[in-house]
file run_0.cif (mmCIF, C-alpha atoms)
data_input
#
loop_
_atom_site.label_atom_id
_atom_site.label_comp_id
_atom_site.auth_asym_id
_atom_site.auth_seq_id
_atom_site.Cartn_x
_atom_site.Cartn_y
_atom_site.Cartn_z
CA MET A 115 0.64 23.00 7.40
CA SER A 116 2.66 20.45 9.30
CA ALA A 117 3.26 17.06 7.77
CA PRO A 118 1.98 14.13 9.77
CA SER A 119 4.86 12.32 11.37
CA PHE A 120 5.41 8.83 10.13
CA LYS A 121 8.12 6.28 10.30
CA ALA A 122 9.77 5.13 7.12
CA ARG A 123 12.72 2.92 6.44
CA GLU A 124 15.44 5.10 7.84
CA LEU A 125 18.98 5.43 6.65
CA SER A 126 21.58 4.23 9.09
CA PRO A 127 23.51 7.19 10.56
CA ILE A 128 26.82 5.61 9.57
CA VAL A 129 26.00 5.79 5.85
CA VAL A 130 27.97 8.42 3.96
CA LEU A 131 26.16 9.40 0.77
CA ALA A 132 28.04 9.65 -2.52
CA ASP A 133 27.79 12.71 -4.75
CA GLY A 134 24.35 12.91 -6.29
CA GLU A 135 22.85 10.69 -3.63
CA THR A 136 21.78 13.43 -1.26
CA PRO A 137 18.01 13.87 -1.35
CA ALA A 138 16.93 17.24 -2.75
CA PHE A 139 14.12 17.59 -0.21
CA LYS A 140 13.80 16.83 3.44
CA GLU A 141 10.91 16.23 5.79
CA GLY A 142 8.84 19.39 6.19
CA ASP A 143 9.80 20.95 2.84
CA ALA A 144 6.96 22.52 0.84
CA VAL A 145 6.78 20.98 -2.63
CA LYS A 146 4.58 21.18 -5.66
CA VAL A 147 3.72 18.37 -8.06
CA MET A 148 4.48 19.44 -11.59
CA THR A 149 1.78 19.69 -14.18
CA ARG A 150 2.83 17.46 -17.03
CA GLU A 151 0.85 15.30 -19.38
CA PRO A 152 3.18 12.47 -20.36
CA ILE A 153 2.09 9.94 -22.91
CA GLY A 154 2.50 6.35 -21.85
CA HIS A 155 3.23 4.97 -18.43
CA TYR A 156 3.03 7.33 -15.47
CA ARG A 157 2.71 6.96 -11.72
CA VAL A 158 1.49 10.35 -10.58
CA PRO A 159 -2.30 10.42 -10.61
CA LEU A 160 -4.00 13.28 -12.44
CA TYR A 161 -5.81 14.53 -9.37
CA LEU A 162 -2.52 15.60 -7.76
CA ARG A 163 -0.86 17.37 -10.68
CA GLY A 164 -0.19 20.98 -9.79
CA LYS A 165 -1.07 20.47 -6.12
CA SER A 166 1.10 21.67 -3.27
CA GLY A 167 2.05 19.50 -0.33
CA VAL A 168 4.64 18.92 2.34
CA VAL A 169 7.34 16.24 2.37
CA ALA A 170 6.46 13.78 5.12
CA GLY A 171 9.55 11.67 4.58
CA VAL A 172 12.29 10.57 2.23
CA ILE A 173 12.00 6.97 1.13
CA HIS A 174 15.26 5.06 1.40
CA PRO A 175 16.96 3.52 -0.39
CA MET A 176 17.02 5.26 -3.77
CA ALA A 177 15.03 3.36 -6.33
CA VAL A 178 14.48 3.06 -10.04
CA ASP A 179 11.99 5.47 -11.61
CA ASN A 180 8.94 3.27 -12.22
CA GLU A 181 7.99 5.32 -15.26
CA GLU A 182 11.31 4.51 -16.97
CA GLU A 183 11.37 0.96 -15.65
CA ALA A 184 8.12 0.34 -17.52
CA TYR A 185 10.11 0.62 -20.76
CA GLY A 186 13.11 -1.32 -19.54
CA ARG A 187 15.17 1.86 -19.10
CA ASN A 188 16.58 1.26 -15.65
CA ALA A 189 20.20 2.28 -16.04
CA GLY A 190 21.03 5.49 -14.27
CA SER A 191 17.48 6.31 -13.31
CA LYS A 192 17.72 5.66 -9.57
CA GLY A 193 16.52 8.54 -7.47
CA TYR A 194 14.43 9.39 -4.47
CA TYR A 195 10.78 8.87 -3.85
CA TYR A 196 9.26 11.24 -1.33
CA ARG A 197 6.24 10.60 0.79
CA VAL A 198 4.24 13.79 0.31
CA ALA A 199 1.24 14.92 2.35
CA PHE A 200 -1.61 17.01 0.95
CA PRO A 201 -4.52 18.38 2.99
CA LEU A 202 -7.61 16.72 1.50
CA GLY A 203 -9.45 20.01 1.86
CA GLN A 204 -7.00 21.55 -0.61
CA VAL A 205 -7.01 18.63 -3.02
CA TRP A 206 -10.80 18.64 -3.36
CA PRO A 207 -12.83 21.85 -3.25
CA GLY A 208 -15.89 21.12 -1.12
CA TYR A 209 -14.23 18.19 0.65
CA VAL A 210 -16.45 16.82 3.41
CA GLY A 211 -14.47 15.69 6.45
CA GLY A 212 -12.17 16.86 9.18
CA PRO A 213 -9.84 19.84 8.60
CA THR A 214 -6.78 17.68 9.25
CA ASP A 215 -7.73 14.84 6.86
CA THR A 216 -4.72 14.11 4.71
CA LEU A 217 -3.75 12.38 1.50
CA LEU A 218 -0.30 10.79 1.37
CA ILE A 219 1.47 9.45 -1.68
CA GLU A 220 4.98 8.59 -2.82
CA VAL A 221 6.19 10.74 -5.69
CA PHE A 222 9.42 10.31 -7.68
CA GLN A 223 11.84 13.25 -7.63
CA THR A 224 11.32 14.11 -11.31
CA TRP A 225 7.77 15.23 -10.51
CA LEU A 226 8.51 17.59 -7.63
CA GLU A 227 9.60 21.20 -7.42
CA ARG A 228 10.09 23.46 -4.45
CA ALA A 229 6.90 25.30 -3.58
CA MET B 132 -23.21 -32.79 0.08
CA ALA B 133 -25.07 -33.35 -3.17
CA HIS B 134 -24.16 -31.16 -6.10
CA ASP B 135 -27.61 -29.67 -6.63
CA HIS B 136 -27.04 -26.04 -7.58
CA PRO B 137 -27.36 -25.08 -11.23
CA HIS B 138 -24.53 -23.37 -13.10
CA GLU B 139 -22.77 -23.33 -16.43
CA PRO B 140 -20.22 -26.09 -16.88
CA ILE B 141 -16.84 -25.05 -15.48
CA GLY B 142 -14.42 -25.01 -18.35
CA GLN B 143 -12.64 -22.85 -20.83
CA ASP B 144 -14.59 -23.51 -23.97
CA GLY B 145 -14.40 -20.10 -25.63
CA MET B 146 -11.51 -18.86 -27.72
CA PRO B 147 -8.75 -17.14 -25.72
CA GLY B 148 -8.86 -13.35 -25.83
CA TYR B 149 -6.22 -11.00 -27.25
CA TYR B 150 -4.38 -10.60 -23.93
CA ASP B 151 -4.58 -14.32 -23.14
CA LEU B 152 -2.78 -15.02 -26.42
CA MET B 153 -0.29 -12.21 -25.84
CA GLN B 154 0.54 -13.51 -22.36
CA GLN B 155 0.92 -17.07 -23.64
CA ALA B 156 3.15 -15.96 -26.51
CA VAL B 157 5.40 -13.83 -24.28
CA THR B 158 5.67 -16.65 -21.74
CA GLU B 159 6.67 -19.14 -24.42
CA LEU B 160 9.24 -16.77 -25.90
CA LEU B 161 10.83 -16.08 -22.52
CA VAL B 162 11.02 -19.77 -21.70
CA GLU B 163 12.30 -20.63 -25.18
CA ARG B 164 15.10 -18.09 -24.85
CA GLY B 165 16.09 -19.53 -21.51
CA LEU B 166 15.41 -16.35 -19.49
CA PHE B 167 13.53 -18.48 -17.01
CA GLY B 168 11.94 -21.88 -16.89
CA ALA B 169 8.33 -22.99 -16.85
CA ASP B 170 8.94 -24.40 -13.37
CA GLU B 171 9.99 -20.96 -12.12
CA ILE B 172 6.75 -19.42 -13.41
CA ARG B 173 4.75 -22.17 -11.76
CA ARG B 174 6.67 -21.70 -8.50
CA GLN B 175 6.11 -17.94 -8.50
CA ILE B 176 2.37 -18.37 -8.98
CA GLU B 177 2.46 -20.82 -6.10
CA VAL B 178 4.23 -18.22 -3.92
CA LEU B 179 1.66 -15.55 -4.83
CA ASP B 180 -1.21 -17.89 -4.00
CA SER B 181 0.35 -18.95 -0.70
CA ARG B 182 -0.02 -15.49 0.85
CA ASN B 183 -3.15 -14.57 2.77
CA PRO B 184 -4.34 -12.14 5.47
CA ALA B 185 -3.39 -14.57 8.25
CA LEU B 186 0.22 -13.46 7.71
CA GLY B 187 -0.68 -9.82 8.24
CA ALA B 188 -2.74 -10.78 11.29
CA LYS B 189 0.31 -12.48 12.77
CA VAL B 190 2.35 -9.31 12.25
CA VAL B 191 -0.34 -7.15 13.90
CA ALA B 192 -0.77 -9.46 16.90
CA LYS B 193 2.98 -9.55 17.45
CA ALA B 194 3.14 -5.74 17.31
CA TRP B 195 0.33 -5.51 19.89
CA ILE B 196 2.15 -7.63 22.45
CA ASP B 197 5.77 -6.78 21.72
CA GLN B 198 6.65 -3.07 21.91
CA ALA B 199 10.18 -3.55 20.61
CA PHE B 200 8.87 -5.43 17.58
CA LYS B 201 6.27 -2.74 16.99
CA GLN B 202 8.98 -0.07 16.92
CA ARG B 203 11.00 -2.10 14.43
CA LEU B 204 7.86 -2.64 12.35
CA LEU B 205 7.08 1.06 12.19
CA ALA B 206 10.72 1.88 11.40
CA ASP B 207 11.04 -0.68 8.60
CA GLY B 208 7.97 -2.73 7.81
CA ARG B 209 9.67 -5.03 5.41
CA LYS B 210 12.56 -5.94 7.66
CA ALA B 211 10.26 -6.63 10.62
CA CYS B 212 8.01 -8.88 8.51
CA GLU B 213 11.09 -10.73 7.29
CA GLU B 214 11.92 -11.40 10.96
CA LEU B 215 8.69 -13.41 11.08
CA GLY B 216 9.69 -15.36 7.99
CA ILE B 217 7.52 -13.37 5.56
CA SER B 218 9.62 -12.84 2.44
CA PHE B 219 9.18 -9.97 -0.02
CA TYR B 220 9.31 -11.45 -3.48
CA ASP B 221 8.28 -8.28 -5.33
CA ASP B 222 11.02 -5.81 -4.42
CA THR B 223 8.67 -3.39 -2.66
CA GLN B 224 9.11 -1.51 0.59
CA LEU B 225 6.49 -1.70 3.32
CA ILE B 226 5.39 1.23 5.45
CA VAL B 227 3.20 0.25 8.37
CA LEU B 228 0.66 2.90 9.33
CA GLU B 229 -0.41 2.90 12.95
CA ASN B 230 -3.97 3.76 13.85
CA THR B 231 -4.29 5.70 17.10
CA GLU B 232 -7.00 7.49 19.05
CA THR B 233 -6.49 10.49 16.81
CA VAL B 234 -5.51 9.00 13.43
CA HIS B 235 -7.24 6.51 11.17
CA ASN B 236 -5.39 5.20 8.11
CA LEU B 237 -6.84 3.91 4.87
CA ILE B 238 -4.99 2.47 1.87
CA VAL B 239 -5.87 2.60 -1.81
CA CYS B 240 -4.15 2.46 -5.19
CA THR B 241 -5.86 4.93 -7.48
CA LEU B 242 -3.83 3.86 -10.53
CA CYS B 243 -4.30 0.10 -10.38
CA SER B 244 -4.08 -2.46 -7.59
CA CYS B 245 -0.89 -1.92 -5.57
CA TYR B 246 -1.44 -3.87 -2.39
CA PRO B 247 0.78 -5.37 0.33
CA ARG B 248 0.60 -8.78 -1.34
CA PRO B 249 3.52 -10.38 0.53
CA VAL B 250 1.62 -9.94 3.82
CA LEU B 251 -2.04 -10.00 2.73
CA GLY B 252 -2.15 -12.03 -0.48
CA LEU B 253 -4.18 -10.90 -3.46
CA PRO B 254 -6.44 -7.85 -3.05
CA PRO B 255 -10.22 -8.18 -2.86
CA ASP B 256 -12.07 -7.36 -6.08
CA TRP B 257 -13.61 -4.15 -4.74
CA TYR B 258 -10.13 -2.83 -3.97
CA LYS B 259 -9.26 -3.05 -7.68
CA LEU B 260 -12.48 -1.55 -9.01
CA LYS B 261 -12.88 2.10 -9.93
CA PRO B 262 -15.58 3.13 -7.42
CA TYR B 263 -13.32 2.35 -4.45
CA ARG B 264 -10.19 3.70 -6.13
CA ALA B 265 -11.79 6.98 -7.12
CA ARG B 266 -13.83 7.58 -4.00
CA ALA B 267 -11.36 6.53 -1.29
CA VAL B 268 -9.20 9.58 -2.02
CA ALA B 269 -12.09 12.01 -2.56
CA GLU B 270 -14.64 11.08 0.10
CA PRO B 271 -12.97 8.58 2.43
CA ARG B 272 -15.47 9.12 5.24
CA ALA B 273 -18.43 8.30 3.01
CA VAL B 274 -16.64 5.19 1.73
CA LEU B 275 -15.82 4.08 5.26
CA ALA B 276 -19.42 4.61 6.35
CA GLU B 277 -20.55 2.29 3.56
CA PHE B 278 -18.28 -0.36 5.06
CA GLY B 279 -20.02 0.29 8.40
CA THR B 280 -17.06 2.21 9.75
CA VAL B 281 -17.90 5.61 11.16
CA ILE B 282 -14.90 7.68 12.18
CA ALA B 283 -15.41 10.61 14.55
CA ASP B 284 -14.92 14.05 13.00
CA ASP B 285 -12.07 14.89 15.36
CA VAL B 286 -10.10 11.83 14.24
CA GLU B 287 -7.78 12.59 11.32
CA ILE B 288 -8.22 10.41 8.27
CA ARG B 289 -5.00 9.66 6.42
CA VAL B 290 -5.44 8.13 3.01
CA SER B 291 -2.29 6.58 1.57
CA ASP B 292 -2.39 6.29 -2.22
CA SER B 293 0.02 3.53 -3.15
CA THR B 294 1.25 3.97 -6.70
CA ALA B 295 4.98 3.28 -6.97
CA ILE B 296 7.50 1.31 -4.89
CA VAL B 297 5.94 1.42 -1.44
CA ARG B 298 3.16 -0.76 -0.12
CA TYR B 299 1.23 0.04 3.04
CA LEU B 300 -0.25 -2.03 5.82
CA VAL B 301 -2.54 -0.54 8.45
CA LEU B 302 -1.75 -1.46 12.03
CA PRO B 303 -5.23 -1.38 13.57
CA ARG B 304 -5.90 -0.43 17.19
CA LYS B 305 -6.00 -3.22 19.71
CA PRO B 306 -9.56 -3.40 21.03
CA ASP B 307 -10.44 -2.91 24.66
CA GLY B 308 -10.89 -6.08 26.66
CA ALA B 309 -8.17 -7.96 24.80
CA GLU B 310 -5.54 -7.76 27.54
CA HIS B 311 -5.88 -11.39 28.58
CA LEU B 312 -5.66 -12.83 25.07
CA SER B 313 -2.73 -14.82 23.73
CA GLU B 314 -0.90 -13.83 20.55
CA ASP B 315 -2.84 -16.43 18.54
CA GLU B 316 -6.17 -15.28 19.98
CA LEU B 317 -5.28 -11.68 19.14
CA ALA B 318 -4.36 -12.65 15.59
CA ALA B 319 -7.79 -14.23 15.19
CA LEU B 320 -9.37 -10.80 15.80
CA VAL B 321 -7.46 -9.20 12.94
CA THR B 322 -9.20 -9.28 9.57
CA ARG B 323 -8.06 -8.30 6.10
CA ASP B 324 -10.29 -5.23 5.98
CA THR B 325 -8.90 -3.88 9.25
CA MET B 326 -5.42 -3.96 7.69
CA ILE B 327 -6.67 -2.07 4.61
CA GLY B 328 -8.30 0.40 6.98
CA VAL B 329 -11.93 0.05 5.92
CA ALA B 330 -12.92 -1.65 9.18
CA LEU B 331 -12.15 -1.54 12.88
CA ILE B 332 -11.35 -4.55 15.04
CA ASP B 333 -14.40 -6.04 16.73
CA PRO B 334 -13.92 -6.43 20.48
CA PRO B 335 -13.22 -10.00 21.62
CA GLY B 336 -16.28 -12.03 22.43
CA ASP B 337 -18.43 -10.02 20.06
CA LEU B 338 -21.08 -12.49 19.02
CA ARG B 339 -22.63 -10.47 16.21
CA SER B 340 -21.37 -12.92 13.63
#

call {"tool": "encode", "arguments": {"input": "run_0.cif", "output": "structure tokens"}}
result
Amino acid sequence: MSAPSFKARELSPIVVLADGETPAFKEGDAVKVMTREPIGHYRVPLYLRGKSGVVAGVIHPMAVDNEEEAYGRNAGSKGYYYRVAFPLGQVWPGYVGGPTDTLLIEVFQTWLERA
Amino acid sequence: MAHDHPHEPIGQDGMPGYYDLMQQAVTELLVERGLFGADEIRRQIEVLDSRNPALGAKVVAKAWIDQAFKQRLLADGRKACEELGISFYDDTQLIVLENTETVHNLIVCTLCSCYPRPVLGLPPDWYKLKPYRARAVAEPRAVLAEFGTVIADDVEIRVSDSTAIVRYLVLPRKPDGAEHLSEDELAALVTRDTMIGVALIDPPGDLRS
């Protein structure tokens, strides 16, 4: 599946990233949302856990992990959010709509693995 | 006009609820410890209440008539809105989603009520309620049809679920027959629901309302 093209805040080409600041995934990479059941504050909806999608873009700049921020733990938790695209027909068995209908969501790096 | 409609007296006569008390207590503690002042809280509420869909409409109209602005808006929604004097007080990014002949965008927050507040103000009640939040991601075409918006099967629906640091604004399609309109007249065609993606822009001169 090809990710729908979209424009996001893009990083200036003159920026040189420090160690640890290079995004793990790039546009077009196949990723899978991990299946975890954290207690407390989370930002990845249940309906997408364990689903596979394609990175539609890297969101710049790096940002605090909202799930840690909820508890005031901001130090050191900056990372990348990725805009990830999922075919709606794969998210919902029996989905009624066009074959290219898509769900897009931003997911923090701690929830994604390479598919 | 005479006040002739019946209703309960407007007032807060009941006891405050658990969360009302909690909010009041936390506010008082924060003010007491000097983390911020009561005037800053008041000012922030004033800022929140000052935003409304007319701001978003101004952004859309400008994008329709100014190609260079539109490109900047699609590249960095927040920065382009700031060009028009719309500040982002909530530290969110803005991705602007362009509707085309082949793509129709819809926004939702399945977890709560994330919404592009700096450009649209507070979300409508239905946006925050569970039926919309649950159904927009599962059967967007049925939801759209209930809003009177029927999208052709060969047009791709893209639902953006906004749950973390990014907010989304739909850039609706400019209707046919709007070529002669000024920027202000174009802005008047743009409604809140068209920027959420549940409605399409009515052509100018449509007298249905």

call {"tool": "residues_around", "arguments": {"input": "run_0.cif", "residues": "Gly154 in chain A", "least_positions_apart": "5", "cutoff": "10 Å", "atoms": "all atoms listed in the file", "output": "ChimeraX atom specification"}}
result
/A:181,184-185

call {"tool": "closest_residue", "arguments": {"input": "run_0.cif", "among": "B:Thr322, B:Gly336, B:Ala330, B:Glu270", "to": "Gly203 in chain A", "atoms": "all atoms listed in the file"}}
result
B:Glu270

call {"tool": "closest_atom_pairs", "arguments": {"input": "run_0.cif", "of": "range 232-301 of chain B", "to": "range 206-219 of chain A", "cutoff": "8 Å", "atoms": "all atoms listed in the file", "output": "tab-separated table"}}
result
residue	atom	partner	partner_atom	distance
B:Val268	CA	A:Leu217	CA	7.1
B:Ala269	CA	A:Trp206	CA	6.8
B:Glu270	CA	A:Val210	CA	6.9
B:Arg272	CA	A:Gly211	CA	6.8
B:Asp284	CA	A:Gly212	CA	5.5
B:Asp285	CA	A:Gly212	CA	6.5
B:Val286	CA	A:Gly212	CA	7.4
B:Glu287	CA	A:Asp215	CA	5.0
B:Ile288	CA	A:Asp215	CA	4.7
B:Arg289	CA	A:Thr216	CA	4.8
B:Val290	CA	A:Leu217	CA	4.8
B:Ser291	CA	A:Leu218	CA	4.7
B:Asp292	CA	A:Ile219	CA	5.0
B:Ser293	CA	A:Ile219	CA	6.3
B:Thr294	CA	A:Ile219	CA	7.4

call {"tool": "resolve_selection", "arguments": {"input": "run_0.cif", "expression": "the PyMOL selection byres ((chain B and resi 217-234) around 7)", "output": "ChimeraX atom specification"}}
result
/A:122 /B:204-205,207-209,212-213,215-216,235-236,249,286-288,296-304

call {"tool": "closest_residue", "arguments": {"input": "run_0.cif", "among": "A:Ser126, A:Ser166, A:Asn180, A:Asn188", "to": "chain B", "atoms": "only C-alpha atoms"}}
result
A:Asn180

call {"tool": "resolve_selection", "arguments": {"input": "run_0.cif", "expression": "the PyMOL selection byres ((chain A and resi 195) around 9)", "output": "ChimeraX atom specification"}}
result
/A:171-177,179,193-194,196-197,220-223 /B:295-296

call {"tool": "resolve_selection", "arguments": {"input": "run_0.cif", "expression": "the PyMOL selection byres ((chain A and resi 161) around 12)", "output": "list in words"}}
result
Val147, Met148, Thr149, Arg150, Arg157, Val158, Pro159, Leu160, Leu162, Arg163, Gly164, Lys165, Ser166, Phe200, Leu202, Gln204, Val205, Trp206, Pro207, Leu217 and Ile219 of chain A; Thr241, Leu242, Ala265, Arg266, Val268, Ala269 and Asp292 of chain B

call {"tool": "closest_residue", "arguments": {"input": "run_0.cif", "among": "A:Gly142, A:Gly186, A:Pro201, A:Gly134", "to": "chain B", "atoms": "all atoms listed in the file"}}
result
A:Pro201

call {"tool": "atom_distance", "arguments": {"input": "run_0.cif", "atom1": "CA of Lys259 in chain B", "atom2": "CA of Pro140 in chain B"}}
result
27.1 Å

call {"tool": "atom_distance", "arguments": {"input": "run_0.cif", "atom1": "CA of Ala199 in chain A", "atom2": "CA of Cys245 in chain B"}}
result
18.7 Å

call {"tool": "atom_distance", "arguments": {"input": "run_0.cif", "atom1": "CA of Arg174 in chain B", "atom2": "CA of Asp151 in chain B"}}
result
19.9 Å

call {"tool": "closest_residue", "arguments": {"input": "run_0.cif", "among": "B:Arg248, B:Ile238, B:Tyr263, B:Ala318", "to": "chain A", "atoms": "only C-alpha atoms"}}
result
B:Ile238

call {"tool": "residues_around", "arguments": {"input": "run_0.cif", "residues": "Thr280 in chain B", "least_positions_apart": "3", "cutoff": "9 Å", "atoms": "all atoms listed in the file", "output": "list in words"}}
result
Arg272, Val274, Leu275, Ala276, Glu277, Val329, Ala330 and Leu331 of chain B

call {"tool": "closest_residue", "arguments": {"input": "run_0.cif", "among": "A:Val198, A:Val129, A:Val145, A:Ala189", "to": "chain B", "atoms": "all atoms listed in the file"}}
result
A:Val198

call {"tool": "closest_residue", "arguments": {"input": "run_0.cif", "among": "B:Ile332, B:Glu316, B:Glu214, B:Arg264", "to": "chain A", "atoms": "only C-alpha atoms"}}
result
B:Arg264

call {"tool": "build_atoms", "arguments": {"input": "run_0.cif", "residues": "range 129-151 of chain A", "atoms": "N, CA and C atoms", "output": "PDB file, in the coordinates of the input"}}
result
ATOM      1  N   VAL A 129      25.889   5.755   7.312  1.00  0.00           N
ATOM      2  CA  VAL A 129      26.000   5.790   5.850  1.00  0.00           C
ATOM      3  C   VAL A 129      26.482   7.167   5.388  1.00  0.00           C
ATOM      4  N   VAL A 130      27.507   7.175   4.566  1.00  0.00           N
ATOM      5  CA  VAL A 130      27.970   8.420   3.960  1.00  0.00           C
ATOM      6  C   VAL A 130      27.515   8.408   2.499  1.00  0.00           C
ATOM      7  N   LEU A 131      26.717   9.381   2.123  1.00  0.00           N
ATOM      8  CA  LEU A 131      26.160   9.400   0.770  1.00  0.00           C
ATOM      9  C   LEU A 131      27.191   9.863  -0.251  1.00  0.00           C
ATOM     10  N   ALA A 132      27.173   9.231  -1.423  1.00  0.00           N
ATOM     11  CA  ALA A 132      28.040   9.650  -2.520  1.00  0.00           C
ATOM     12  C   ALA A 132      27.469  10.905  -3.169  1.00  0.00           C
ATOM     13  N   ASP A 133      28.279  11.544  -4.020  1.00  0.00           N
ATOM     14  CA  ASP A 133      27.790  12.710  -4.750  1.00  0.00           C
ATOM     15  C   ASP A 133      26.540  12.321  -5.539  1.00  0.00           C
ATOM     16  N   GLY A 134      25.560  13.179  -5.531  1.00  0.00           N
ATOM     17  CA  GLY A 134      24.350  12.910  -6.290  1.00  0.00           C
ATOM     18  C   GLY A 134      23.360  12.028  -5.560  1.00  0.00           C
ATOM     19  N   GLU A 135      23.755  11.564  -4.380  1.00  0.00           N
ATOM     20  CA  GLU A 135      22.850  10.690  -3.630  1.00  0.00           C
ATOM     21  C   GLU A 135      22.161  11.400  -2.485  1.00  0.00           C
ATOM     22  N   THR A 136      22.432  12.685  -2.344  1.00  0.00           N
ATOM     23  CA  THR A 136      21.780  13.430  -1.260  1.00  0.00           C
ATOM     24  C   THR A 136      20.381  13.837  -1.712  1.00  0.00           C
ATOM     25  N   PRO A 137      19.368  13.510  -0.930  1.00  0.00           N
ATOM     26  CA  PRO A 137      18.010  13.870  -1.350  1.00  0.00           C
ATOM     27  C   PRO A 137      17.856  15.389  -1.488  1.00  0.00           C
ATOM     28  N   ALA A 138      17.128  15.813  -2.508  1.00  0.00           N
ATOM     29  CA  ALA A 138      16.930  17.240  -2.750  1.00  0.00           C
ATOM     30  C   ALA A 138      16.018  17.869  -1.702  1.00  0.00           C
ATOM     31  N   PHE A 139      15.084  17.067  -1.187  1.00  0.00           N
ATOM     32  CA  PHE A 139      14.120  17.590  -0.210  1.00  0.00           C
ATOM     33  C   PHE A 139      14.246  16.845   1.091  1.00  0.00           C
ATOM     34  N   LYS A 140      13.814  17.495   2.145  1.00  0.00           N
ATOM     35  CA  LYS A 140      13.800  16.830   3.440  1.00  0.00           C
ATOM     36  C   LYS A 140      12.412  16.960   4.063  1.00  0.00           C
ATOM     37  N   GLU A 141      12.197  16.202   5.116  1.00  0.00           N
ATOM     38  CA  GLU A 141      10.910  16.230   5.790  1.00  0.00           C
ATOM     39  C   GLU A 141      10.542  17.670   6.149  1.00  0.00           C
ATOM     40  N   GLY A 142       9.305  18.056   5.860  1.00  0.00           N
ATOM     41  CA  GLY A 142       8.840  19.390   6.190  1.00  0.00           C
ATOM     42  C   GLY A 142       8.940  20.387   5.038  1.00  0.00           C
ATOM     43  N   ASP A 143       9.670  20.038   3.977  1.00  0.00           N
ATOM     44  CA  ASP A 143       9.800  20.950   2.840  1.00  0.00           C
ATOM     45  C   ASP A 143       8.469  21.079   2.088  1.00  0.00           C
ATOM     46  N   ALA A 144       8.165  22.295   1.669  1.00  0.00           N
ATOM     47  CA  ALA A 144       6.960  22.520   0.840  1.00  0.00           C
ATOM     48  C   ALA A 144       7.318  22.193  -0.607  1.00  0.00           C
ATOM     49  N   VAL A 145       6.514  21.368  -1.237  1.00  0.00           N
ATOM     50  CA  VAL A 145       6.780  20.980  -2.630  1.00  0.00           C
ATOM     51  C   VAL A 145       5.500  21.102  -3.446  1.00  0.00           C
ATOM     52  N   LYS A 146       5.712  21.124  -4.757  1.00  0.00           N
ATOM     53  CA  LYS A 146       4.580  21.180  -5.660  1.00  0.00           C
ATOM     54  C   LYS A 146       4.748  20.086  -6.708  1.00  0.00           C
ATOM     55  N   VAL A 147       3.671  19.393  -7.005  1.00  0.00           N
ATOM     56  CA  VAL A 147       3.720  18.370  -8.060  1.00  0.00           C
ATOM     57  C   VAL A 147       3.610  19.093  -9.391  1.00  0.00           C
ATOM     58  N   MET A 148       4.500  18.759 -10.298  1.00  0.00           N
ATOM     59  CA  MET A 148       4.480  19.440 -11.590  1.00  0.00           C
ATOM     60  C   MET A 148       3.245  19.061 -12.398  1.00  0.00           C
ATOM     61  N   THR A 149       2.891  19.975 -13.276  1.00  0.00           N
ATOM     62  CA  THR A 149       1.780  19.690 -14.180  1.00  0.00           C
ATOM     63  C   THR A 149       2.368  19.275 -15.515  1.00  0.00           C
ATOM     64  N   ARG A 150       2.330  17.991 -15.763  1.00  0.00           N
ATOM     65  CA  ARG A 150       2.830  17.460 -17.030  1.00  0.00           C
ATOM     66  C   ARG A 150       1.814  16.463 -17.529  1.00  0.00           C
ATOM     67  N   GLU A 151       1.800  16.250 -18.816  1.00  0.00           N
ATOM     68  CA  GLU A 151       0.850  15.300 -19.380  1.00  0.00           C
ATOM     69  C   GLU A 151       1.606  14.285 -20.221  1.00  0.00           C
TER      70      GLU A 151
END
